[in-house]
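Have a look at query-v6.cif; it's mmCIF, C-alpha atoms:
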data_entry
#
loop_
_atom_site.label_atom_id
_atom_site.label_comp_id
_atom_site.auth_asym_id
_atom_site.auth_seq_id
_atom_site.Cartn_x
_atom_site.Cartn_y
_atom_site.Cartn_z
CA MET A 1153 -17.28 35.77 -0.21
CA HIS A 1154 -16.41 39.47 0.17
CA TYR A 1155 -17.69 39.58 3.75
CA LEU A 1156 -15.60 36.51 4.63
CA LYS A 1157 -12.45 38.14 3.26
CA THR A 1158 -13.27 41.33 5.18
CA LEU A 1159 -13.68 39.32 8.38
CA LEU A 1160 -10.37 37.58 7.83
CA MET A 1161 -8.56 40.84 7.18
CA LEU A 1162 -10.02 42.27 10.39
CA LEU A 1163 -8.63 39.24 12.17
CA PHE A 1164 -5.12 40.12 10.95
CA VAL A 1165 -5.53 43.68 12.23
CA VAL A 1166 -6.61 42.39 15.64
CA ILE A 1167 -3.65 40.01 15.75
CA VAL A 1168 -1.14 42.75 14.90
CA SER A 1169 -2.60 44.99 17.58
CA ILE A 1170 -2.47 42.22 20.18
CA ALA A 1171 1.03 41.15 19.19
CA ALA A 1172 2.25 44.67 19.95
CA ASN A 1173 1.55 44.05 23.63
CA ASP A 1174 4.74 43.25 25.56
CA ASN A 1175 3.10 40.40 27.47
CA ALA A 1176 3.74 36.93 25.98
CA VAL A 1177 1.92 33.65 26.45
CA GLU A 1178 3.67 30.30 26.08
CA ASP A 1179 0.60 28.04 26.35
CA ASP A 1180 -0.49 26.13 23.26
CA PRO A 1181 -3.56 28.00 21.96
CA PHE A 1182 -4.72 24.95 20.00
CA SER A 1183 -4.61 22.52 22.96
CA THR A 1184 -7.98 21.08 24.01
CA ALA A 1185 -6.85 21.09 27.62
CA GLU A 1186 -6.04 24.78 27.33
CA PHE A 1187 -9.62 25.67 26.43
CA ASP A 1188 -11.01 23.63 29.31
CA SER A 1189 -8.69 25.01 31.99
CA VAL A 1190 -8.05 28.33 33.68
CA ILE A 1191 -6.57 30.73 31.12
CA THR A 1192 -3.28 32.53 31.76
CA LYS A 1193 -3.95 36.19 32.44
CA VAL A 1194 -2.41 38.48 29.83
CA ASN A 1195 -4.39 41.72 29.96
CA THR A 1196 -6.67 42.57 32.86
CA VAL A 1197 -9.18 45.33 33.38
CA PRO A 1198 -9.05 46.90 36.87
CA ASP A 1199 -12.14 46.43 39.08
CA GLN A 1200 -13.69 44.03 36.61
CA LEU A 1201 -13.67 40.30 36.08
CA SER A 1202 -10.50 39.13 34.37
CA ARG A 1203 -10.52 39.61 30.62
CA THR A 1204 -7.86 38.00 28.45
CA PHE A 1205 -6.81 38.64 24.88
CA LEU A 1206 -4.63 36.18 23.01
CA GLY A 1207 -3.44 36.44 19.45
CA GLY A 1208 -0.74 35.21 17.16
CA VAL A 1209 0.24 33.28 14.08
CA SER A 1210 1.73 29.83 13.58
CA PHE A 1211 3.71 30.56 10.43
CA ALA A 1212 5.86 28.58 7.99
CA SER A 1213 7.81 29.61 4.93
CA GLU A 1214 8.90 26.72 2.74
CA GLY A 1215 10.85 26.45 -0.48
CA THR A 1216 11.26 23.17 -2.36
CA SER A 1217 13.01 22.02 -5.49
CA THR A 1218 11.92 18.68 -6.96
CA TYR A 1219 13.71 16.67 -9.61
CA LEU A 1220 11.68 14.11 -11.59
CA LEU A 1221 14.06 11.21 -12.05
CA GLU A 1222 12.53 9.38 -15.03
CA SER A 1223 11.41 12.34 -17.17
CA ASN A 1224 14.40 14.55 -16.31
CA LYS A 1225 12.03 17.41 -15.45
CA SER A 1226 11.99 19.70 -12.42
CA ALA A 1227 9.68 21.84 -10.30
CA THR A 1228 10.38 24.62 -7.81
CA ASP A 1229 8.08 26.50 -5.46
CA LEU A 1230 8.23 28.96 -2.58
CA ARG A 1231 5.20 29.54 -0.39
CA PHE A 1232 3.97 30.87 2.93
CA PHE A 1233 1.32 29.07 4.93
CA GLY A 1234 0.08 29.26 8.46
CA LYS A 1235 -2.69 29.74 10.95
CA PRO A 1236 -3.46 33.12 12.58
CA PHE A 1237 -5.74 33.10 15.61
CA ALA A 1238 -7.43 35.45 18.03
CA LYS A 1239 -9.05 34.55 21.33
CA LEU A 1240 -11.09 36.66 23.74
CA SER A 1241 -11.86 35.29 27.22
CA LYS A 1242 -13.81 36.58 30.20
CA ASP A 1243 -14.13 34.71 33.48
CA ASP A 1244 -17.91 34.91 33.84
CA ILE A 1245 -18.64 34.11 30.17
CA GLY A 1246 -16.04 31.85 28.55
CA SER A 1247 -13.92 32.30 25.45
CA LEU A 1248 -14.46 33.19 21.82
CA PHE A 1249 -11.90 31.72 19.42
CA LEU A 1250 -11.32 32.47 15.74
CA SER A 1251 -8.61 31.00 13.52
CA THR A 1252 -8.05 30.92 9.79
CA SER A 1253 -5.53 29.27 7.54
CA PHE A 1254 -3.68 30.87 4.65
CA ASN A 1255 -1.63 29.55 1.77
CA TYR A 1256 0.34 31.85 -0.51
CA PHE A 1257 2.58 30.89 -3.42
CA LEU A 1258 5.32 33.43 -4.03
CA LEU A 1259 6.80 31.27 -6.77
CA ALA A 1260 5.88 28.12 -8.67
CA SER A 1261 7.78 26.97 -11.75
CA SER A 1262 8.01 23.73 -13.71
CA ASN A 1263 8.93 22.37 -17.13
CA SER A 1264 6.64 19.37 -16.68
CA GLU A 1265 3.08 19.60 -17.97
CA PHE A 1266 1.87 17.23 -15.27
CA THR A 1267 3.43 19.35 -12.50
CA LYS A 1268 2.08 22.57 -14.03
CA HIS A 1269 -1.42 21.09 -13.73
CA TYR A 1270 -0.68 20.19 -10.10
CA TYR A 1271 0.20 23.82 -9.31
CA GLN A 1272 -3.00 24.97 -11.00
CA LEU A 1273 -4.98 22.73 -8.65
CA GLN A 1274 -2.99 24.20 -5.75
CA LYS A 1275 -4.03 27.74 -6.83
CA ALA A 1276 -0.43 28.90 -7.18
CA ASP A 1277 -1.12 32.58 -7.85
CA PRO A 1278 1.23 35.23 -6.35
CA SER A 1279 -1.47 37.89 -6.79
CA GLN A 1280 -3.78 36.41 -4.16
CA VAL A 1281 -3.79 34.60 -0.82
CA ASP A 1282 -5.93 31.51 -0.32
CA LEU A 1283 -7.77 32.15 2.97
CA ARG A 1284 -10.01 29.63 4.71
CA LEU A 1285 -11.87 29.49 7.97
CA SER A 1286 -10.27 26.96 10.29
CA GLU A 1287 -12.15 27.29 13.59
CA PHE A 1288 -14.68 29.71 15.07
CA HIS A 1289 -16.32 28.74 18.33
CA LEU A 1290 -17.59 29.83 21.75
CA SER A 1291 -16.45 27.86 24.81
CA PHE A 1292 -18.01 28.03 28.27
CA ASP A 1293 -18.74 25.78 31.24
CA ILE A 1294 -21.50 24.94 33.69
CA ASN A 1295 -20.07 25.25 37.19
CA LYS A 1296 -16.79 23.70 36.01
CA LYS A 1297 -18.65 20.37 35.67
CA VAL A 1298 -19.63 20.43 32.01
CA PHE A 1299 -17.56 22.17 29.34
CA ILE A 1300 -19.33 23.21 26.14
CA ARG A 1301 -17.98 24.38 22.81
CA ILE A 1302 -20.30 25.66 20.08
CA GLY A 1303 -19.11 26.43 16.56
CA ASN A 1304 -16.72 25.30 13.87
CA GLN A 1305 -14.00 23.17 15.50
CA LEU A 1306 -11.39 20.45 15.12
CA ILE A 1307 -11.73 17.30 17.23
CA SER A 1308 -8.66 15.53 18.63
CA TRP A 1309 -9.62 12.00 19.68
CA GLY A 1310 -7.45 8.92 19.45
CA ALA A 1311 -4.17 7.43 20.60
CA SER A 1312 -1.96 6.84 17.56
CA TYR A 1313 0.89 9.03 16.32
CA PHE A 1314 0.87 8.65 12.53
CA TRP A 1315 -2.48 7.08 11.59
CA SER A 1316 -5.82 7.57 13.33
CA PRO A 1317 -8.41 5.17 11.87
CA GLU A 1318 -10.96 6.15 14.52
CA ASP A 1319 -10.93 9.82 13.51
CA PHE A 1320 -14.45 9.65 12.08
CA ILE A 1321 -15.24 13.36 12.40
CA ASN A 1322 -12.66 15.72 10.91
CA ARG A 1323 -12.80 16.63 7.22
CA GLN A 1324 -9.08 15.97 6.71
CA LYS A 1325 -6.70 13.62 8.47
CA ASN A 1326 -4.02 15.16 10.64
CA GLN A 1327 -0.36 14.79 9.71
CA ILE A 1328 2.71 14.73 11.92
CA THR A 1329 4.67 17.98 12.08
CA ALA A 1330 7.53 16.56 9.99
CA LEU A 1331 5.13 16.35 7.04
CA SER A 1332 3.00 19.43 7.75
CA ALA A 1333 4.67 22.13 9.82
CA VAL A 1334 1.33 23.82 10.64
CA ASP A 1335 -2.08 22.19 11.04
CA ILE A 1336 -4.19 24.18 8.56
CA ARG A 1337 -7.18 21.86 8.46
CA SER A 1338 -10.77 23.16 8.53
CA GLY A 1339 -13.03 22.19 11.41
CA LYS A 1340 -16.65 21.10 11.41
CA PRO A 1341 -19.70 22.99 12.70
CA GLY A 1342 -21.22 21.41 15.78
CA ILE A 1343 -21.61 21.33 19.56
CA ARG A 1344 -19.15 19.54 21.83
CA PHE A 1345 -19.80 18.56 25.45
CA HIS A 1346 -16.98 17.47 27.77
CA ILE A 1347 -17.81 15.95 31.15
CA PRO A 1348 -14.66 15.17 33.17
CA PHE A 1349 -14.62 12.67 36.02
CA GLU A 1350 -11.84 11.78 38.46
CA LYS A 1351 -10.13 9.24 36.18
CA SER A 1352 -12.21 9.38 33.02
CA ASN A 1353 -13.77 11.72 30.46
CA LEU A 1354 -17.00 11.68 28.49
CA PHE A 1355 -17.38 13.64 25.25
CA PHE A 1356 -20.30 14.24 22.89
CA PHE A 1357 -20.12 15.98 19.54
CA THR A 1358 -23.18 16.80 17.45
CA ASP A 1359 -22.13 17.25 13.82
CA PHE A 1360 -24.05 19.82 11.70
CA SER A 1361 -21.76 19.72 8.66
CA LYS A 1362 -24.31 18.07 6.34
CA VAL A 1363 -27.31 20.08 7.53
CA THR A 1364 -26.17 23.29 5.84
CA ALA A 1365 -23.74 22.51 3.03
CA ASN A 1366 -22.75 24.32 -0.18
CA GLY A 1367 -25.20 27.11 0.57
CA SER A 1368 -28.12 24.70 0.81
CA ALA A 1369 -30.33 24.20 3.88
CA ASN A 1370 -31.20 20.54 4.32
CA SER A 1371 -33.37 18.51 6.68
CA LEU A 1372 -32.01 18.47 10.23
CA ALA A 1373 -33.34 15.01 11.09
CA GLU A 1374 -31.94 13.43 7.93
CA ASN A 1375 -28.49 15.02 8.01
CA ILE A 1376 -27.46 15.47 11.62
CA ALA A 1377 -24.81 13.12 13.01
CA GLN A 1378 -23.73 12.27 16.54
CA ALA A 1379 -20.31 11.29 17.88
CA TRP A 1380 -19.16 10.31 21.34
CA ARG A 1381 -16.02 9.31 23.21
CA PHE A 1382 -15.35 7.81 26.61
CA ASP A 1383 -11.82 7.34 27.96
CA ALA A 1384 -10.43 6.22 31.28
CA THR A 1385 -7.24 5.04 32.97
CA ILE A 1386 -7.37 1.45 34.14
CA ALA A 1387 -4.31 -0.23 35.71
CA ASN A 1388 -2.00 2.44 34.21
CA VAL A 1389 -3.45 1.84 30.73
CA ASN A 1390 -5.40 4.61 28.98
CA VAL A 1391 -8.35 3.10 27.14
CA GLY A 1392 -11.06 4.75 25.08
CA THR A 1393 -13.97 4.12 22.78
CA VAL A 1394 -15.36 6.33 20.04
CA GLY A 1395 -18.59 6.19 18.06
CA TYR A 1396 -20.10 8.10 15.16
CA VAL A 1397 -23.55 7.61 13.63
CA GLY A 1398 -25.68 9.53 11.17
CA ALA A 1399 -28.89 8.97 9.24
CA ASP A 1400 -28.50 6.72 6.15
CA SER A 1401 -24.79 6.16 6.87
CA PRO A 1402 -22.83 3.27 8.40
CA LEU A 1403 -22.20 3.07 12.13
CA HIS A 1404 -18.59 3.74 13.13
CA ILE A 1405 -17.17 2.32 16.34
CA GLY A 1406 -13.58 2.72 17.54
CA PHE A 1407 -11.41 1.49 20.40
CA ASP A 1408 -7.96 2.68 21.46
CA ALA A 1409 -5.42 1.99 24.17
CA THR A 1410 -2.08 3.44 25.31
CA GLY A 1411 0.27 1.83 27.80
CA ASN A 1412 3.89 1.15 28.66
CA VAL A 1413 5.66 -2.16 28.03
CA LEU A 1414 9.33 -2.63 28.92
CA THR A 1415 9.84 1.18 29.08
CA ALA A 1416 8.34 1.62 25.58
CA ASP A 1417 5.08 3.46 24.92
CA VAL A 1418 2.70 1.15 23.08
CA TYR A 1419 -0.53 2.33 21.47
CA GLY A 1420 -3.19 1.25 19.01
CA GLU A 1421 -6.57 2.04 17.49
CA LEU A 1422 -9.25 -0.23 16.03
CA ALA A 1423 -12.06 1.18 13.88
CA LEU A 1424 -15.11 -0.76 12.71
CA THR A 1425 -17.46 0.44 9.98
CA ILE A 1426 -20.76 -1.41 10.29
CA ASP A 1427 -23.07 -1.21 7.28
CA ASN A 1428 -26.45 -2.65 8.22
CA ASN A 1429 -27.72 -2.43 4.65
CA SER A 1430 -25.05 -4.75 3.26
CA GLU A 1431 -24.58 -6.59 6.58
CA GLN A 1432 -20.84 -6.05 6.37
CA THR A 1433 -18.27 -4.90 8.92
CA ALA A 1434 -15.04 -3.34 7.66
CA PRO A 1435 -12.15 -3.11 10.15
CA ALA A 1436 -9.17 -0.76 10.12
CA PHE A 1437 -6.47 -0.54 12.74
CA SER A 1438 -3.16 1.09 13.58
CA ALA A 1439 -0.61 -0.11 16.13
CA GLY A 1440 2.77 1.24 17.11
CA PHE A 1441 5.33 1.94 19.78
CA SER A 1442 7.95 4.54 20.65
CA LYS A 1443 11.12 4.08 22.67
CA VAL A 1444 13.38 6.76 24.16
CA PHE A 1445 17.01 5.75 24.53
CA GLY A 1446 20.57 7.04 24.72
CA GLU A 1447 22.72 8.18 27.61
CA GLU A 1448 20.95 11.53 27.75
CA LYS A 1449 17.59 10.16 26.55
CA THR A 1450 17.76 12.35 23.46
CA TRP A 1451 16.97 9.62 20.91
CA THR A 1452 13.53 8.29 20.01
CA PHE A 1453 12.66 5.35 17.78
CA ARG A 1454 9.06 4.96 16.64
CA SER A 1455 7.30 2.49 14.37
CA GLU A 1456 3.68 2.04 13.33
CA VAL A 1457 1.57 -0.06 10.98
CA TYR A 1458 -1.85 0.63 9.47
CA TYR A 1459 -4.34 -1.78 7.91
CA ASN A 1460 -7.52 -0.83 6.05
CA ASP A 1461 -9.74 -3.74 5.05
CA THR A 1462 -11.45 -1.77 2.28
CA GLY A 1463 -8.27 -0.12 1.01
CA PHE A 1464 -7.01 -0.27 -2.56
CA GLY A 1465 -4.58 -2.96 -3.61
CA ASP A 1466 -1.91 -2.55 -6.27
CA THR A 1467 -3.80 0.20 -8.12
CA ALA A 1468 -2.63 2.77 -10.66
CA ILE A 1469 -3.35 6.26 -9.29
CA SER A 1470 -4.14 7.58 -12.78
CA SER A 1471 -7.06 5.12 -13.05
CA LEU A 1472 -8.89 6.64 -10.07
CA ARG A 1473 -11.33 9.54 -10.10
CA PRO A 1474 -10.38 12.82 -8.34
CA GLY A 1475 -11.08 12.57 -4.62
CA GLU A 1476 -11.36 8.79 -4.70
CA PHE A 1477 -7.95 8.27 -3.07
CA THR A 1478 -6.93 9.79 0.28
CA PRO A 1479 -3.11 9.78 0.61
CA LEU A 1480 -1.77 7.60 3.43
CA TYR A 1481 -5.23 6.18 4.19
CA SER A 1482 -6.75 4.63 1.06
CA GLY A 1483 -4.15 1.89 0.63
CA ARG A 1484 -4.58 -1.46 2.35
CA VAL A 1485 -1.34 -1.85 4.32
CA TYR A 1486 1.21 0.80 5.38
CA VAL A 1487 4.28 0.88 7.58
CA PHE A 1488 6.03 3.87 9.17
CA THR A 1489 9.32 4.19 11.05
CA GLU A 1490 11.07 7.22 12.53
CA LEU A 1491 14.39 7.82 14.25
CA THR A 1492 14.72 11.23 15.93
CA THR A 1493 17.29 12.95 18.08
CA SER A 1494 16.83 16.25 19.90
CA LYS A 1495 20.61 16.68 20.20
CA LEU A 1496 22.82 16.00 17.21
CA PHE A 1497 26.36 16.97 18.33
CA THR A 1498 24.81 19.99 20.04
CA SER A 1499 21.43 20.89 21.54
CA MET A 1500 21.01 23.50 18.79
CA ILE A 1501 20.66 20.80 16.10
CA SER A 1502 17.99 18.10 15.96
CA SER A 1503 17.41 15.52 13.27
CA SER A 1504 14.83 12.99 12.08
CA LEU A 1505 14.83 10.15 9.58
CA LEU A 1506 11.36 9.04 8.42
CA TYR A 1507 10.27 6.21 6.16
CA TYR A 1508 6.73 5.23 5.18
CA MET A 1509 5.58 2.73 2.59
CA ASN A 1510 2.45 1.44 0.90
CA CYS A 1511 3.22 -2.24 1.31
CA ILE A 1512 0.78 -3.39 -1.39
CA ASP A 1513 1.73 -1.15 -4.33
CA ARG A 1514 5.37 -1.03 -3.13
CA SER A 1515 5.84 2.71 -3.35
CA PHE A 1516 7.58 4.59 -0.54
CA SER A 1517 8.76 7.95 0.78
CA SER A 1518 11.87 8.62 2.86
CA THR A 1519 12.77 11.96 4.47
CA LEU A 1520 15.87 13.18 6.29
CA LEU A 1521 15.48 16.44 8.27
CA PHE A 1522 17.91 18.67 10.14
CA THR A 1523 16.49 21.45 12.33
CA PHE A 1524 18.74 24.30 13.49
CA ASP A 1525 17.88 26.49 16.46
CA PHE A 1526 20.71 28.98 16.86
CA PRO A 1527 20.57 31.98 19.25
CA LYS A 1528 18.95 35.08 17.77
CA VAL A 1529 18.08 33.19 14.56
CA LEU A 1530 14.62 31.98 13.56
CA PRO A 1531 14.65 28.14 13.68
CA PHE A 1532 14.87 26.53 10.26
CA THR A 1533 14.81 23.02 8.82
CA LEU A 1534 16.70 21.56 5.89
CA TYR A 1535 15.39 18.31 4.45
CA ILE A 1536 15.70 15.94 1.54
CA ARG A 1537 12.90 13.58 0.49
CA ALA A 1538 12.91 10.67 -1.96
CA ASN A 1539 9.70 9.17 -3.34
CA GLY A 1540 10.20 5.90 -5.16
CA GLY A 1541 8.96 2.45 -5.96
CA ARG A 1542 6.68 1.41 -8.80
CA LEU A 1543 5.49 4.19 -11.10
CA ASP A 1544 1.92 5.50 -11.01
CA ARG A 1545 1.43 4.32 -7.45
CA GLU A 1546 0.70 6.21 -4.24
CA PHE A 1547 4.07 7.92 -3.67
CA THR A 1548 5.00 8.19 -7.35
CA GLY A 1549 1.59 9.33 -8.58
CA LEU A 1550 1.64 12.94 -7.37
CA PHE A 1551 4.15 14.06 -10.02
CA ALA A 1552 3.73 10.91 -12.18
CA ASP A 1553 7.37 10.07 -11.53
CA ARG A 1554 9.95 9.05 -8.98
CA THR A 1555 11.18 12.23 -7.31
CA LEU A 1556 13.99 13.69 -5.25
CA THR A 1557 13.11 16.86 -3.30
CA ALA A 1558 15.27 19.29 -1.34
CA GLY A 1559 13.58 21.81 0.93
CA LEU A 1560 14.12 24.65 3.35
CA ARG A 1561 11.46 25.39 5.95
CA ILE A 1562 11.30 28.28 8.42
CA ARG A 1563 8.79 27.79 11.21
CA GLY A 1564 7.82 30.36 13.83
CA ASP A 1565 5.10 31.27 16.30
CA PHE A 1566 4.48 34.98 16.60
#
Now, as a test, write the supplied structure out as structure tokens.
Amino acid sequence: MHYLKTLLMLLFVVIVSIAANDNAVEDDPFSTAEFDSVITKVNTVPDQLSRTFLGGVSFASEGTSTYLLESNKSATDLRFFGKPFAKLSKDDIGSLFLSTSFNYFLLASSNSEFTKHYYQLQKADPSQVDLRLSEFHLSFDINKKVFIRIGNQLISWGASYFWSPEDFINRQKNQITALSAVDIRSGKPGIRFHIPFEKSNLFFFTDFSKVTANGSANSLAENIAQAWRFDATIANVNVGTVGYVGADSPLHIGFDATGNVLTADVYGELALTIDNNSEQTAPAFSAGFSKVFGEEKTWTFRSEVYYNDTGFGDTAISSLRPGEFTPLYSGRVYVFTELTTSKLFTSMISSSLLYYMNCIDRSFSSTLLFTFDFPKVLPFTLYIRANGGRLDREFTGLFADRTLTAGLRIRGDF
């Protein structure tokens, strides 16, 4: 554990040194396309092949105050979280990428015993920073025909915006930026191959996450897993299929499509879990659309539904074992809607209204956000969120109460 912390601290030193360079890069360092394309030159070494150093931090500071409506209790916290990264590239070799995630509670207070226990589980300790490895991998190509990535990595496959039932690989489900300002998920160890064609792509990912787990070395043949994806554009419709299979585990097959109908973007994913032992097939799917409108095309309306055949029905959260319920995925039927504008009165103010609901247990969450981007001021977001519906259900189970939360979030990329 000490050597991991030392490595992470060295990463911060590297990032600070790199950030001192006057050259800036605007490309998204976490984009899959970015890793598989020619890298923007930042620092070059004369008379040698181009060498590029990238570094930075996706950072968020967030303070929230939550009022528990039924018990008349409250909770307040202030924390920093983010994702520092460093990337070294050389034309004749490839690129080496390292990123970590951090979570630090500056303050956590509550007069509710239930919420105090929640903060304990969140490791709310101002004397230490919770550091985790996010990604660490080597990327290179074979004559620009096959692109290979070896190491711990996140995989971005699928078509949907809010739910991704065919994400069979990642340890945690991704969340939209309105709910999680920075993606601080941990990747999986494996090897990814990308073979691009003129109008299609073929991917393979070999998953090693169960071979070496919890400090234990296990059988390769019995614990390795294989995933694949093929996508193509057919008649202006992007279609794809995903698969994931491992020894002694069900077969997962997924299909997705994205197109345009009456000027609206329409998308969907279908996931099938096929258990040969029980001879059962469990489907899950998401479907949605988004529409841009307004005189200046600054408004977007989006809606999406999710169905999980094996999801829980009207179930009390307190009756479930820890880890048995995955928020936003373990229910049977969900719905999500969003109304967003990039220009509210002025281009310096944007706003979003989000609503999502577990349709079976009838609990819900609604969030109103205002983001301000004034000159010479770090962008910040003010929001208010209400969680309601039946008690001890998905959106009222976190604090064992109906809640009203006000928050301030500062988000920056350094």
ask   = Please, what distance in Å, to one decimal, runs between CA of Ser1210 (chain A) and CA of Leu1560 (chain A)?
value =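 Computing the Euclidean distance for CA of Ser1210 (chain A) and CA of Leu1560 (chain A) yields 16.9 Å.
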inquiry  = Between A:Gly1234, A:Pro1479, A:Gly1564, A:Pro1348, which residue has the minimum interatomic distance to Asn1510 (chain A), considering only C-alpha atoms?
reply    = A:Pro1479
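Residues with at least one atom no more than 12 Å from (-16.8, -4.9, 10.2), using only C-alpha atoms, are Pro1402, Leu1403, His1404, Ile1405, Gly1406, Leu1422, Ala1423, Leu1424, Thr1425, Ile1426, Asp1427, Asn1428, Ser1430, Glu1431, Gln1432, Thr1433, Ala1434, Pro1435, Ala1436, Phe1437, Asn1460, Asp1461 and Thr1462 of chain A.
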request  = Can you work out the spacing between CA of Ala1212 (chain A) and CA of Ser1253 (chain A) in Å, to one decimal?
outcome  =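 CA of Ala1212 (chain A) sits 11.4 Å away from CA of Ser1253 (chain A).
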ask   = Counting only C-alpha atoms, what is within 12 Å of Met1500 (chain A), bar same-chain residues fewer than 5 positions away, as a PyMOL selection string?
value = chain A and resi 1493-1495+1522-1533
Listing only residues of region 1376-1398 of chain A within 12 Å of region 1342-1345 of chain A, what is the closest atom pair and its distance in Å (to one decimal) for each, using only C-alpha atoms, sorted by chain and residue number ascending, as JSON lines?
{"residue": "A:Ile1376", "atom": "CA", "partner": "A:Gly1342", "partner_atom": "CA", "distance": 9.6}
{"residue": "A:Ala1377", "atom": "CA", "partner": "A:Gly1342", "partner_atom": "CA", "distance": 9.4}
{"residue": "A:Gln1378", "atom": "CA", "partner": "A:Gly1342", "partner_atom": "CA", "distance": 9.5}
{"residue": "A:Ala1379", "atom": "CA", "partner": "A:Arg1344", "partner_atom": "CA", "distance": 9.2}
{"residue": "A:Trp1380", "atom": "CA", "partner": "A:Phe1345", "partner_atom": "CA", "distance": 9.2}
{"residue": "A:Arg1381", "atom": "CA", "partner": "A:Phe1345", "partner_atom": "CA", "distance": 10.2}
{"residue": "A:Phe1382", "atom": "CA", "partner": "A:Phe1345", "partner_atom": "CA", "distance": 11.7}
ask   = Between A:Ile1321, A:Val1389, A:Ile1302, A:Ala1333, which is the closest to Asn1412 (chain A) once you count all atoms listed in the file?
value =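 For Asn1412 (chain A), the nearest of the candidates is A:Val1389.
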request  = Could you tell me how far CA of Ser1438 (chain A) lies from CA of Gly1420 (chain A), in Å and to one decimal?
outcome  =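 These atoms are spaced 5.4 Å apart.
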List every protein, DNA or RNA residue that has an atom no more than 10 Å from (26.9, 16.0, 23.6) in the file's coordinate frame, counting all atoms listed in the file, and report them as a PDB file with C-alpha atoms, keeping the file's coordinate frame.
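Final output, saved to out_36.pdb:
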ATOM      1  CA  GLU A1447      22.720   8.180  27.610  1.00  0.00           C
ATOM      2  CA  GLU A1448      20.950  11.530  27.750  1.00  0.00           C
ATOM      3  CA  THR A1450      17.760  12.350  23.460  1.00  0.00           C
ATOM      4  CA  LYS A1495      20.610  16.680  20.200  1.00  0.00           C
ATOM      5  CA  LEU A1496      22.820  16.000  17.210  1.00  0.00           C
ATOM      6  CA  PHE A1497      26.360  16.970  18.330  1.00  0.00           C
ATOM      7  CA  THR A1498      24.810  19.990  20.040  1.00  0.00           C
ATOM      8  CA  SER A1499      21.430  20.890  21.540  1.00  0.00           C
TER       9      SER A1499
END
task = Considering all atoms listed in the file, return as a list in words whatever protein or nucleic-acid residues lie within 8 Å of Phe1249 (chain A), sequence-local ones (same chain, fewer than 4 positions apart) excluded.
result =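 Answer for this query is Phe1237, Ala1238, Lys1239, Leu1240, Glu1287, Phe1288, His1289 and Leu1290 of chain A.
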Write the residues of the selection above to a file with C-alpha atoms, as a PDB file, in the coordinates of the input.
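Below you can see again.pdb, which holds the result:
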ATOM      1  CA  PHE A1237      -5.740  33.100  15.610  1.00  0.00           C
ATOM      2  CA  ALA A1238      -7.430  35.450  18.030  1.00  0.00           C
ATOM      3  CA  LYS A1239      -9.050  34.550  21.330  1.00  0.00           C
ATOM      4  CA  LEU A1240     -11.090  36.660  23.740  1.00  0.00           C
ATOM      5  CA  GLU A1287     -12.150  27.290  13.590  1.00  0.00           C
ATOM      6  CA  PHE A1288     -14.680  29.710  15.070  1.00  0.00           C
ATOM      7  CA  HIS A1289     -16.320  28.740  18.330  1.00  0.00           C
ATOM      8  CA  LEU A1290     -17.590  29.830  21.750  1.00  0.00           C
TER       9      LEU A1290
END
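Within the 9 Å cut-off around Ser1241 (chain A), using only C-alpha atoms and omitting residues fewer than 4 positions from it on the same chain, the listed residues are Ile1191, Ser1202, Arg1203, Thr1204, Phe1205, Leu1206, Ile1245, Gly1246, Ser1247, Leu1248 and Phe1249 of chain A.
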query = Of the candidates A:Ile1562, A:Val1487, A:Ile1328, A:Ile1469, which shows the shortest atom-to-atom distance to Asp1544 (chain A), using only C-alpha atoms?
reply =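 Closest to Asp1544 (chain A), using only C-alpha atoms: A:Ile1469.
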ask   = Any chance you could work out the residue set of the PyMOL selection byres ((chain A and resi 1511) around 8) here, as a ChimeraX atom specification?
value = /A:1484-1487,1509-1510,1512-1515
